[in-house]
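J.: Structure: query-v7.cif, mmCIF, C-alpha atoms.
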```
data_protein
#
loop_
_atom_site.label_atom_id
_atom_site.label_comp_id
_atom_site.auth_asym_id
_atom_site.auth_seq_id
_atom_site.Cartn_x
_atom_site.Cartn_y
_atom_site.Cartn_z
CA MET A 132 0.00 0.00 0.00
CA ARG A 133 1.36 3.43 -0.96
CA MET A 134 1.44 6.34 1.46
CA THR A 135 0.02 9.58 0.23
CA THR A 136 2.03 12.80 0.21
CA THR A 137 -0.29 14.22 2.89
CA THR A 138 0.37 11.25 5.21
CA LEU A 139 4.14 11.57 4.77
CA ARG A 140 4.04 15.30 5.49
CA SER A 141 1.91 14.69 8.57
CA ARG A 142 4.38 12.14 9.95
CA ALA A 143 7.34 14.40 9.19
CA GLY A 144 5.60 17.24 11.01
CA LEU A 145 4.99 15.07 14.07
CA ALA A 146 8.63 13.95 14.12
CA ALA A 147 9.83 17.56 13.90
CA ALA A 148 7.50 18.58 16.74
CA ALA A 149 8.75 15.72 18.95
CA ALA A 150 12.37 16.71 18.27
CA ALA A 151 11.61 20.34 19.16
CA VAL A 152 10.04 19.31 22.48
CA ALA A 153 13.07 17.14 23.33
CA LEU A 154 15.49 19.95 22.46
CA THR A 155 13.52 22.44 24.56
CA GLY A 156 13.84 20.12 27.57
CA LEU A 157 17.60 19.87 27.11
CA LEU A 158 18.08 23.61 26.72
CA ALA A 159 15.90 24.44 29.72
CA GLY A 160 18.34 22.64 32.02
CA ALA A 161 21.49 24.04 30.42
CA GLY A 162 21.85 27.10 32.64
CA GLY A 163 21.16 25.67 36.08
CA ALA A 164 21.43 22.54 38.13
CA ASP A 165 21.32 19.20 36.40
CA ALA A 166 18.13 17.14 36.22
CA ALA A 167 18.48 15.84 39.78
CA GLY A 168 19.20 19.33 41.08
CA SER A 169 22.83 19.26 42.29
CA TYR A 170 23.81 22.59 43.85
CA ILE A 171 26.31 24.24 46.18
CA SER A 172 25.43 24.18 49.89
CA SER A 173 27.93 25.41 52.48
CA ASN A 174 27.83 26.82 56.02
CA SER A 175 30.12 29.60 54.78
CA GLY A 176 27.80 30.70 51.97
CA GLY A 177 29.46 29.07 48.98
CA ALA A 178 32.45 27.25 47.56
CA ASN A 179 35.43 27.79 45.30
CA GLU A 180 35.41 25.74 42.12
CA ARG A 181 39.04 24.67 41.87
CA THR A 182 41.37 23.77 39.01
CA CYS A 183 42.26 20.47 40.72
CA ALA A 184 40.99 18.37 43.63
CA ASN A 185 42.97 20.14 46.36
CA THR A 186 42.45 23.29 48.45
CA GLY A 187 45.90 24.47 47.34
CA CYS A 188 44.79 24.67 43.70
CA GLY A 189 43.64 27.89 42.08
CA SER A 190 40.01 28.94 41.98
CA LEU A 191 38.04 29.24 38.74
CA GLY A 192 35.46 31.26 40.65
CA TYR A 193 33.27 31.39 43.73
CA LEU A 194 29.92 29.60 43.58
CA SER A 195 27.34 30.98 46.03
CA ASN A 196 24.95 28.67 47.88
CA GLY A 197 22.20 27.48 45.58
CA THR A 198 24.32 27.69 42.43
CA GLY A 199 23.49 24.73 40.19
CA VAL A 200 26.29 22.40 39.16
CA THR A 201 26.37 19.40 36.88
CA MET A 202 28.29 16.55 38.46
CA LEU A 203 30.55 14.89 35.88
CA CYS A 204 32.63 12.38 37.86
CA TRP A 205 34.39 11.85 41.20
CA THR A 206 37.97 11.43 42.34
CA ASP A 207 39.63 10.81 45.70
CA SER A 208 42.36 13.29 46.58
CA GLN A 209 43.06 15.62 49.51
CA TRP A 210 41.23 14.90 52.76
CA VAL A 211 39.09 17.80 53.99
CA TYR A 212 37.76 18.13 57.53
CA PRO A 213 34.95 20.73 57.51
CA PRO A 214 34.80 22.79 60.73
CA SER A 215 32.02 22.03 63.24
CA SER A 216 31.26 18.78 61.47
CA ASN A 217 31.79 15.08 61.99
CA TYR A 218 32.14 14.65 58.20
CA ALA A 219 35.57 14.19 56.69
CA SER A 220 36.24 12.95 53.18
CA ASN A 221 38.79 12.83 50.40
CA ARG A 222 36.03 12.72 47.75
CA TRP A 223 35.91 15.56 45.21
CA PHE A 224 33.50 16.04 42.33
CA ARG A 225 34.43 17.33 38.90
CA VAL A 226 31.59 19.67 38.10
CA SER A 227 30.46 22.00 35.37
CA SER A 228 29.03 25.40 36.29
CA TYR A 229 28.75 28.90 34.89
CA VAL A 230 32.44 29.54 35.77
CA GLY A 231 33.66 26.49 33.85
CA THR A 232 34.64 22.92 34.68
CA GLY A 233 36.57 22.21 37.86
CA TYR A 234 36.48 20.50 41.26
CA VAL A 235 34.38 21.00 44.39
CA HIS A 236 34.72 19.04 47.63
CA SER A 237 31.91 16.54 48.17
CA SER A 238 30.81 18.18 51.45
CA LEU A 239 29.81 21.29 49.49
CA VAL A 240 27.52 19.64 46.91
CA ALA A 241 23.89 18.93 47.83
CA GLY A 242 21.49 16.91 45.71
CA GLN A 243 24.32 14.64 44.62
CA THR A 244 23.76 12.38 41.63
CA SER A 245 25.41 9.08 40.82
CA VAL A 246 28.47 9.60 38.61
CA GLY A 247 31.44 7.45 37.72
CA HIS A 248 35.11 7.79 38.59
CA CYS A 249 37.06 10.40 36.62
#
```
Could you rewrite the structure in this file as structure tokens?

T.:
Amino acid sequence: MRMTTTTLRSRAGLAAAAAAVALTGLLAGAGGADAAGSYISSNSGGANERTCANTGCGSLGYLSNGTGVTMLCWTDSQWVYPPSSNYASNRWFRVSSYVGTGYVHSSLVAGQTSVGHC
């Protein structure tokens, strides 16, 4: 059975509309936190996004509390002992934010998502 030109155009239009909806969903999340909502949360009001997974590394910029980040992967490096806390860890996340791609200590990222090792 042959498809008519009208049927083909209709299907092409539906496919284009579905692609536009999918692209809109991707672009809507591009400026903020990733789909699960990872963001900076610190008792001091924010965190430095660093060039490597160590407090001695340079800062790409300061991310205020609530700033969305996209978690890319994790690595174990320098141990950090946050003040007034019983939490200590050597886990750092490579993240992407509006200042670029760098590292933030795990204690400063809320809404953590599952990512692989860097």

J.: Might you pull out every residue within 7 Å of region 178-190 of chain A, with only C-alpha atoms counted and same-chain residues fewer than 5 positions away left off, and present them as a ChimeraX atom specification?

T.: /A:171,173,195,208-209,223,233-235,239

J.: Suppose you want the space between CA of Trp210 (chain A) and CA of His236 (chain A); what is it in Å?

T.: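 It comes out at 9.3 Å.
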
J.: Skip region 198-207 of chain A itself and residues of its chain fewer than 5 positions away, then list as a ChimeraX atom specification all residues within 12 Å of it, counting all atoms listed in the file.

T.: /A:160-173,176-180,183-185,192-193,220-237,239-249

J.: Box time for region 211-223 of chain A: axis-aligned, enclosing all its listed atoms, 8 Å extra on each side; report centre and edge lengths in Å to one decimal, as lines of an AutoDock Vina configuration file.

T.:
```
center_x = 35.2
center_y = 17.8
center_z = 54.2
size_x = 23.8
size_y = 26.1
size_z = 34.0
```
